[in-house]
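Okay, coords-v5.txt now, which holds compact mmCIF, C-alpha atoms:
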# COMPACT_ATOMS: atom_id res chain seq x y z
CA MET A 1 6.17 1.98 34.09
CA LYS A 2 4.13 2.24 30.90
CA PRO A 3 1.12 -0.08 30.59
CA LEU A 4 1.12 -2.95 28.08
CA ARG A 5 -1.46 -1.08 26.01
CA TYR A 6 1.04 1.73 25.39
CA TRP A 7 3.66 -0.70 24.05
CA LEU A 8 1.07 -2.38 21.84
CA VAL A 9 0.12 1.00 20.30
CA LEU A 10 3.81 1.80 19.82
CA ALA A 11 4.37 -1.56 18.09
CA LEU A 12 1.39 -0.99 15.80
CA LEU A 13 2.67 2.47 14.85
CA LEU A 14 6.08 1.03 13.99
CA ILE A 15 4.46 -1.01 11.19
CA TYR A 16 3.52 2.26 9.43
CA PRO A 17 6.08 3.87 7.10
CA PRO A 18 8.17 6.58 8.88
CA ARG A 19 6.87 9.42 6.68
CA TRP A 20 3.24 8.49 7.44
CA ARG A 21 4.03 8.05 11.15
CA LYS A 22 5.51 11.53 11.32
CA GLU A 23 2.40 13.04 9.73
CA TYR A 24 -0.42 11.08 11.42
CA GLY A 25 1.30 9.15 14.26
CA PRO A 26 0.35 11.42 17.21
CA GLU A 27 -3.31 11.54 16.14
CA LEU A 28 -3.58 7.78 15.66
CA THR A 29 -1.83 7.20 19.00
CA HIS A 30 -4.35 9.47 20.73
CA LEU A 31 -7.23 7.67 19.04
CA LEU A 32 -5.94 4.19 19.87
CA LEU A 33 -5.35 5.13 23.51
CA ALA A 34 -8.76 6.79 23.80
CA ARG A 35 -10.72 3.75 22.55
CA PRO A 36 -11.06 0.26 24.01
CA MET A 37 -8.26 -1.87 22.51
CA SER A 38 -10.17 -4.78 20.96
CA LEU A 39 -8.63 -7.50 18.81
CA ARG A 40 -10.56 -6.09 15.85
CA ASN A 41 -8.95 -2.67 16.32
CA VAL A 42 -5.49 -4.23 16.57
CA ILE A 43 -6.01 -6.25 13.35
CA ASP A 44 -7.57 -3.25 11.59
CA THR A 45 -4.62 -1.01 12.50
CA ALA A 46 -1.96 -3.61 11.61
CA TRP A 47 -3.66 -4.42 8.28
CA ASN A 48 -3.95 -0.75 7.31
CA ALA A 49 -0.34 -0.15 8.35
CA LEU A 50 0.76 -2.90 5.95
CA ARG A 51 -1.41 -1.40 3.19
CA GLN A 52 0.20 1.98 3.81
CA ARG A 53 3.65 0.36 3.61
CA LEU A 54 2.71 -1.19 0.26
CA ARG A 55 1.45 2.17 -1.00
CA GLU A 56 4.59 4.04 0.00
CA GLU A 57 7.38 1.55 -0.67
CA GLN A 58 9.04 1.43 -4.07
CA PRO A 59 7.84 -1.59 -6.14
CA TRP A 60 11.41 -2.82 -6.64
CA LYS A 61 11.90 -3.09 -2.89
CA ILE A 62 8.71 -5.12 -2.39
CA LEU A 63 9.23 -7.44 -5.37
CA GLY A 64 12.99 -7.67 -4.83
CA ALA A 65 12.56 -8.58 -1.15
CA LEU A 66 9.89 -11.16 -2.00
CA SER A 67 12.05 -12.75 -4.71
CA CYS A 68 15.09 -12.61 -2.43
CA PHE A 69 13.13 -14.48 0.25
CA LEU A 70 11.94 -17.12 -2.27
CA ASN A 71 15.48 -17.60 -3.59
CA LEU A 72 16.80 -17.91 -0.05
CA LEU A 73 14.07 -20.44 0.76
CA ALA A 74 14.93 -22.45 -2.37
CA LEU A 75 18.59 -22.49 -1.36
CA VAL A 76 17.92 -23.43 2.26
CA LEU A 77 15.37 -26.15 1.39
CA ASP A 78 17.57 -27.30 -1.50
CA VAL A 79 14.68 -27.25 -3.96
CA HIS A 80 16.65 -26.56 -7.12
CA PRO A 81 16.83 -25.64 -9.89
CA ALA A 82 16.96 -22.30 -8.06
CA GLY A 83 19.09 -19.57 -9.52
CA TYR A 84 17.98 -18.03 -12.74
CA GLN A 85 14.67 -19.41 -13.89
CA ILE A 86 13.74 -17.35 -16.90
CA ILE A 87 9.92 -17.09 -16.89
CA PRO A 88 9.21 -16.30 -13.21
CA THR A 89 12.21 -13.97 -13.09
CA LEU A 90 11.08 -12.16 -16.22
CA LEU A 91 7.54 -11.83 -14.86
CA ILE A 92 8.81 -10.31 -11.62
CA LEU A 93 11.05 -7.86 -13.48
CA LEU A 94 8.25 -6.84 -15.83
CA THR A 95 5.90 -6.38 -12.89
CA ALA A 96 8.49 -4.16 -11.18
CA ALA A 97 8.90 -2.05 -14.33
CA CYS A 98 5.14 -1.71 -15.01
CA TRP A 99 4.27 -1.05 -11.36
CA THR A 100 6.93 1.67 -11.17
CA VAL A 101 5.48 3.40 -14.24
CA ILE A 102 1.94 3.20 -12.80
CA ARG A 103 3.16 4.60 -9.47
CA ASP A 104 5.01 7.41 -11.26
CA ALA A 105 1.78 8.40 -13.06
CA GLY A 106 2.94 7.17 -16.49
CA ASN A 107 6.56 8.35 -16.31
CA HIS A 108 8.72 5.51 -17.71
CA ARG A 109 12.18 6.87 -16.87
CA ARG A 110 12.71 4.79 -13.74
CA ALA A 111 11.33 1.49 -15.11
CA GLY A 112 14.69 0.10 -16.32
CA GLY A 113 16.41 1.02 -13.06
CA ALA A 114 13.56 -0.56 -11.06
CA ALA A 115 13.95 -3.85 -12.97
CA VAL A 116 17.72 -3.85 -12.37
CA LYS A 117 17.36 -3.08 -8.66
CA THR A 118 14.71 -5.84 -8.31
CA ALA A 119 17.03 -8.33 -10.00
CA LEU A 120 20.03 -7.38 -7.88
CA LEU A 121 18.06 -7.62 -4.64
CA ALA A 122 16.42 -10.90 -5.74
CA THR A 123 19.71 -12.55 -6.64
CA SER A 124 21.61 -11.33 -3.59
CA PRO A 125 21.37 -14.73 -1.78
CA ILE A 126 22.77 -16.47 -4.86
CA VAL A 127 25.59 -13.94 -5.13
CA MET A 128 26.32 -14.48 -1.44
CA ILE A 129 26.47 -18.25 -1.97
CA GLY A 130 28.77 -17.63 -4.96
CA LEU A 131 31.02 -15.50 -2.78
CA LEU A 132 31.13 -18.10 0.02
CA ALA A 133 31.72 -20.89 -2.54
CA SER A 134 34.57 -18.99 -4.19
CA LEU A 135 36.17 -18.58 -0.76
CA GLY A 136 35.77 -22.31 -0.18
CA VAL A 137 33.40 -21.92 2.77
CA VAL A 138 30.52 -23.81 1.07
CA THR A 139 30.14 -25.94 -2.06
CA THR A 140 28.19 -24.63 -5.06
CA PRO A 141 24.59 -25.74 -4.54
CA ILE A 142 23.62 -25.41 -8.22
CA ALA A 143 25.04 -28.23 -10.31
CA GLY A 144 27.13 -27.22 -13.32
CA THR A 145 27.65 -23.64 -12.15
CA SER A 146 31.01 -22.38 -10.96
CA PRO A 147 31.19 -20.17 -7.85
CA TYR A 148 32.50 -17.30 -9.98
CA GLY A 149 29.56 -17.79 -12.37
CA LEU A 150 27.11 -17.37 -9.49
CA LEU A 151 29.03 -14.32 -8.35
CA ILE A 152 29.11 -12.39 -11.61
CA LEU A 153 26.09 -13.62 -13.60
CA PRO A 154 23.65 -11.05 -12.08
CA LEU A 155 26.06 -8.26 -13.02
CA LEU A 156 26.52 -9.56 -16.56
CA ILE A 157 22.80 -9.47 -17.29
CA VAL A 158 22.26 -5.93 -15.93
CA PRO A 159 22.19 -4.29 -19.41
CA GLU A 160 19.61 -6.82 -20.69
CA ILE A 161 17.44 -6.37 -17.60
CA TRP A 162 17.64 -2.59 -17.91
CA LEU A 163 16.66 -2.82 -21.57
CA ILE A 164 13.73 -5.18 -20.93
CA GLY A 165 12.52 -3.04 -17.98
CA SER A 166 12.80 0.16 -20.01
CA LEU A 167 10.94 -1.32 -23.00
CA PHE A 168 8.10 -2.59 -20.84
CA GLY A 169 8.06 0.71 -18.96
CA LEU A 170 7.67 2.50 -22.26
CA LEU A 171 4.89 0.12 -23.30
CA THR A 172 3.07 0.58 -19.96
CA SER A 173 3.40 4.35 -20.30
CA ALA A 174 1.94 4.24 -23.83
CA LEU A 175 -0.96 2.03 -22.67
CA LEU A 176 -1.70 4.42 -19.80
CA ARG A 177 -1.75 7.35 -22.22
CA ILE A 178 -4.16 5.50 -24.54
CA ARG A 179 -6.39 4.62 -21.60
CA ARG A 180 -6.41 8.21 -20.36
CA GLY A 181 -7.13 9.44 -23.88
CA SER A 182 -10.11 7.13 -24.30
CA ALA A 183 -11.44 8.00 -20.83
CA SER A 184 -11.40 11.77 -21.46
CA MET B 1 -12.52 -2.39 7.95
CA ALA B 2 -15.71 -0.40 8.30
CA ARG B 3 -18.09 -2.43 10.39
CA LYS B 4 -21.79 -2.04 9.81
CA GLY B 5 -24.08 -1.74 12.75
CA LYS B 6 -27.47 -3.39 12.59
CA SER B 7 -28.96 -0.45 10.75
CA GLY B 8 -25.85 0.92 9.00
CA PRO B 9 -26.98 2.23 5.62
CA ALA B 10 -23.57 2.74 4.03
CA SER B 11 -20.04 1.69 4.83
CA ASP B 12 -17.70 3.52 2.44
CA PRO B 13 -15.26 5.18 4.86
CA GLU B 14 -14.48 8.09 2.52
CA LEU B 15 -18.15 8.93 1.99
CA LEU B 16 -18.82 8.68 5.72
CA ILE B 17 -15.89 10.95 6.59
CA LEU B 18 -16.94 13.54 4.00
CA SER B 19 -20.50 13.40 5.34
CA SER B 20 -19.23 13.87 8.88
CA LEU B 21 -17.05 16.85 7.94
CA ALA B 22 -19.94 18.44 6.03
CA GLY B 23 -21.25 19.25 9.52
CA GLY B 24 -18.08 21.15 10.49
CA ALA B 25 -14.39 20.61 11.33
CA LYS B 26 -13.60 17.54 13.45
CA HIS B 27 -10.55 15.57 14.58
CA GLY B 28 -10.18 11.81 14.13
CA TYR B 29 -11.85 10.72 17.34
CA ALA B 30 -14.80 13.10 16.79
CA ILE B 31 -15.21 11.88 13.18
CA MET B 32 -15.30 8.28 14.42
CA THR B 33 -17.94 8.90 17.09
CA ASP B 34 -19.98 11.11 14.76
CA ILE B 35 -20.08 8.32 12.12
CA GLU B 36 -21.13 5.79 14.74
CA ARG B 37 -23.94 8.13 15.77
CA PHE B 38 -25.35 9.14 12.38
CA ALA B 39 -24.64 6.02 10.29
CA GLY B 40 -24.49 3.21 12.85
CA VAL B 41 -21.14 2.18 11.35
CA GLU B 42 -18.04 1.56 13.44
CA ILE B 43 -14.88 2.36 11.48
CA GLY B 44 -11.62 0.84 12.72
CA PRO B 45 -8.85 3.33 13.66
CA GLY B 46 -6.55 2.08 10.87
CA THR B 47 -9.31 2.28 8.27
CA LEU B 48 -10.22 5.78 9.43
CA TYR B 49 -6.69 7.11 9.03
CA THR B 50 -6.12 5.30 5.72
CA ALA B 51 -9.25 7.03 4.39
CA ILE B 52 -8.20 10.38 5.90
CA THR B 53 -4.77 10.02 4.21
CA ARG B 54 -6.41 9.39 0.82
CA LEU B 55 -8.84 12.28 1.25
CA VAL B 56 -6.00 14.67 2.18
CA GLU B 57 -4.01 13.48 -0.88
CA LYS B 58 -7.05 14.14 -3.09
CA ARG B 59 -7.37 17.56 -1.41
CA TRP B 60 -10.98 16.81 -0.51
CA ILE B 61 -10.25 17.54 3.16
CA LYS B 62 -7.43 19.51 4.78
CA PRO B 63 -5.84 19.45 8.22
CA GLU B 64 -6.05 22.57 10.37
CA ALA B 65 -3.64 23.70 13.10
CA ALA B 66 -3.16 20.98 15.74
CA GLU B 67 -5.00 21.17 19.07
CA GLY B 68 -2.65 19.25 21.33
CA ARG B 69 -2.18 15.78 19.85
CA GLN B 70 -5.34 16.09 17.78
CA ARG B 71 -5.65 17.84 14.44
CA PRO B 72 -9.05 18.89 13.12
CA TYR B 73 -9.91 18.35 9.45
CA THR B 74 -12.19 20.49 7.30
CA LEU B 75 -14.02 19.80 4.06
CA THR B 76 -12.58 21.71 1.07
CA ALA B 77 -14.63 23.10 -1.82
CA SER B 78 -13.55 20.20 -4.07
CA GLY B 79 -14.42 17.78 -1.23
CA ALA B 80 -17.90 19.28 -0.96
CA ALA B 81 -18.34 18.95 -4.74
CA ALA B 82 -17.16 15.31 -4.61
CA LEU B 83 -19.62 14.60 -1.77
CA GLN B 84 -22.45 16.20 -3.80
CA GLN B 85 -21.52 14.02 -6.77
CA GLN B 86 -21.47 10.84 -4.67
CA LEU B 87 -24.81 11.69 -3.05
CA HIS B 88 -26.28 12.33 -6.50
CA SER B 89 -25.12 8.85 -7.63
CA LEU B 90 -26.53 7.29 -4.46
CA ARG B 91 -29.88 9.04 -4.95
CA HIS B 92 -30.01 7.66 -8.50
CA VAL B 93 -29.36 4.10 -7.22
CA VAL B 94 -32.03 4.52 -4.53
CA LYS B 95 -34.53 5.84 -7.09
CA VAL B 96 -33.91 2.93 -9.50
CA ALA B 97 -34.04 0.35 -6.71
CA GLN B 98 -37.30 1.79 -5.31
CA GLY B 99 -38.84 1.82 -8.78
CA ARG B 100 -37.91 -1.81 -9.34
CA LEU B 101 -39.25 -2.81 -5.92
CA GLN B 102 -42.59 -1.23 -6.78
CA LEU B 103 -42.70 -3.13 -10.09
CA ALA B 104 -41.92 -6.45 -8.42
As structure tokens, how would this structure be written, given the file I've shared?
Amino acid sequence: MKPLRYWLVLALLLIYPPRWRKEYGPELTHLLLARPMSLRNVIDTAWNALRQRLREEQPWKILGALSCFLNLLALVLDVHPAGYQIIPTLLILLTAACWTVIRDAGNHRRAGGAAVKTALLATSPIVMIGLLASLGVVTTPIAGTSPYGLLILPLLIVPEIWLIGSLFGLLTSALLRIRRGSAS
Amino acid sequence: MARKGKSGPASDPELLILSSLAGGAKHGYAIMTDIERFAGVEIGPGTLYTAITRLVEKRWIKPEAAEGRQRPYTLTASGAAALQQQLHSLRHVVKVAQGRLQLA
């Protein structure tokens, strides 16, 4: 039977992204098993694993999952108006577009797509509620909105989101070029 | 999280790793113990490998063929140049600080 320490190391390694784990996993395992397992080492490893996840994950996944969680929380706690609040939603989409451009070293081609994917992931709980409401399983939680409205609204605004994301991606790319130009 | 010992003079993990590898190829565990010995700084395992990942990406260090589960790293020419540059900056800071202390 493996000691508890072994399972703890395994759990810590699972926080790291798979690509990183494949490259450095055996070395880190050896190091963690060779040293005394203090609380500080556990926190240090878990914290750096999360940082590595943030570095490697696509911005749309991080922001989309965060927004999805907040939307879900708003629906569960019934703290409406949930749904489509313009300013925070726009800020999240712009962040996704700009972050994607920065990650891609100034390439703006994926900014529009990143904004769309963020929006679709963020609104997935609302779409799900729309689906359940249209099937008659639940009632629409957002007053004045039909179940079909909840279901299709995210799809209807895809072109606008793509356009906004692309424009801000282009702007971020231009700003990065100016910054690089002034630095060199 | 690089943790300073009582007399730890510097705690930037990347600088410490480059300084350690300037003395020859080492694997992760050897880098960690070497840093503890020469700098009095204890670097956490996660911090060590985050810094190693960044240094490999910058091509300042490179992994050699694995020895069992361990893989030694060596300093590259660009890594040595980067270390020289950082040491030059540090020397400048030390010089300015010492000059100001003498004036005070």
Taking all atoms listed in the file into account and nothing else, which residues of chain B lie no more than 8 Å away from chain A? Please answer as a compact mmCIF listing (two decimals) with C-alpha atoms, keeping the file's coordinate frame.
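File produced: selection30.txt:
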# COMPACT_ATOMS: atom_id res chain seq x y z
CA MET B 1 -12.52 -2.39 7.95
CA GLY B 28 -10.18 11.81 14.13
CA TYR B 29 -11.85 10.72 17.34
CA GLY B 44 -11.62 0.84 12.72
CA PRO B 45 -8.85 3.33 13.66
CA GLY B 46 -6.55 2.08 10.87
CA THR B 47 -9.31 2.28 8.27
CA TYR B 49 -6.69 7.11 9.03
CA THR B 50 -6.12 5.30 5.72
CA ARG B 69 -2.18 15.78 19.85
CA GLN B 70 -5.34 16.09 17.78
CA ARG B 71 -5.65 17.84 14.44
- Could you please determine the separation between atom CA of Gly64 of chain A and atom CA of Ala122 of chain A in Å, to one decimal place?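 That distance, rounded to one decimal, is 4.8 Å.
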- Task: Calculate how many Å separate atom CA of His92 of chain B from atom CA of Glu57 of chain B, rounding to one decimal.
- Result: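 These two atoms are separated by 27.7 Å.
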- Message: Residues near segment 98-104 of chain A, anyone? I mean within 10 Å using only C-alpha atoms, not counting same-chain ones fewer than 5 positions away, as JSON, numbers by chain.
- Response: {"A": [55, 56, 58, 59, 60, 92, 93, 109, 110, 111, 112, 113, 114, 115, 165, 166, 167, 168, 169, 170, 171, 172, 173, 176]}
- Message: Can you measure atom CA of Pro63 of chain B to atom CA of Ala22 of chain B for me? One decimal in Å is fine.
- Response: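 Interatomic distance here is 14.3 Å.
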Spatial neighbours of Ser20 of chain B, 10 Å, all atoms listed in the file, chain gap at least 4 places, as an mmCIF file with C-alpha atoms, in the frame of the given file:
data_model
loop_
_atom_site.group_PDB
_atom_site.id
_atom_site.type_symbol
_atom_site.label_atom_id
_atom_site.label_comp_id
_atom_site.auth_asym_id
_atom_site.auth_seq_id
_atom_site.Cartn_x
_atom_site.Cartn_y
_atom_site.Cartn_z
ATOM 1 C CA GLU B 14 -14.480 8.090 2.520
ATOM 2 C CA LEU B 15 -18.150 8.930 1.990
ATOM 3 C CA LEU B 16 -18.820 8.680 5.720
ATOM 4 C CA GLY B 24 -18.080 21.150 10.490
ATOM 5 C CA ALA B 25 -14.390 20.610 11.330
ATOM 6 C CA LYS B 26 -13.600 17.540 13.450
ATOM 7 C CA ALA B 30 -14.800 13.100 16.790
ATOM 8 C CA ILE B 31 -15.210 11.880 13.180
ATOM 9 C CA MET B 32 -15.300 8.280 14.420
ATOM 10 C CA THR B 33 -17.940 8.900 17.090
ATOM 11 C CA ASP B 34 -19.980 11.110 14.760
ATOM 12 C CA ILE B 35 -20.080 8.320 12.120
ATOM 13 C CA PHE B 38 -25.350 9.140 12.380
ATOM 14 C CA ALA B 39 -24.640 6.020 10.290
ATOM 15 C CA THR B 74 -12.190 20.490 7.300
ATOM 16 C CA LEU B 75 -14.020 19.800 4.060
#
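Closest to Leu121 of chain A among A:Ala96, A:Leu91, A:Ala65, A:Ile152 is A:Ala65, based on all atoms listed in the file.
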- Can you pull out every residue within 8 Å of Pro13 of chain B, counting all atoms listed in the file, but drop anything in the same chain fewer than 5 positions away, and send it as a PyMOL selection string? chain B and resi 2+43+47-48+51
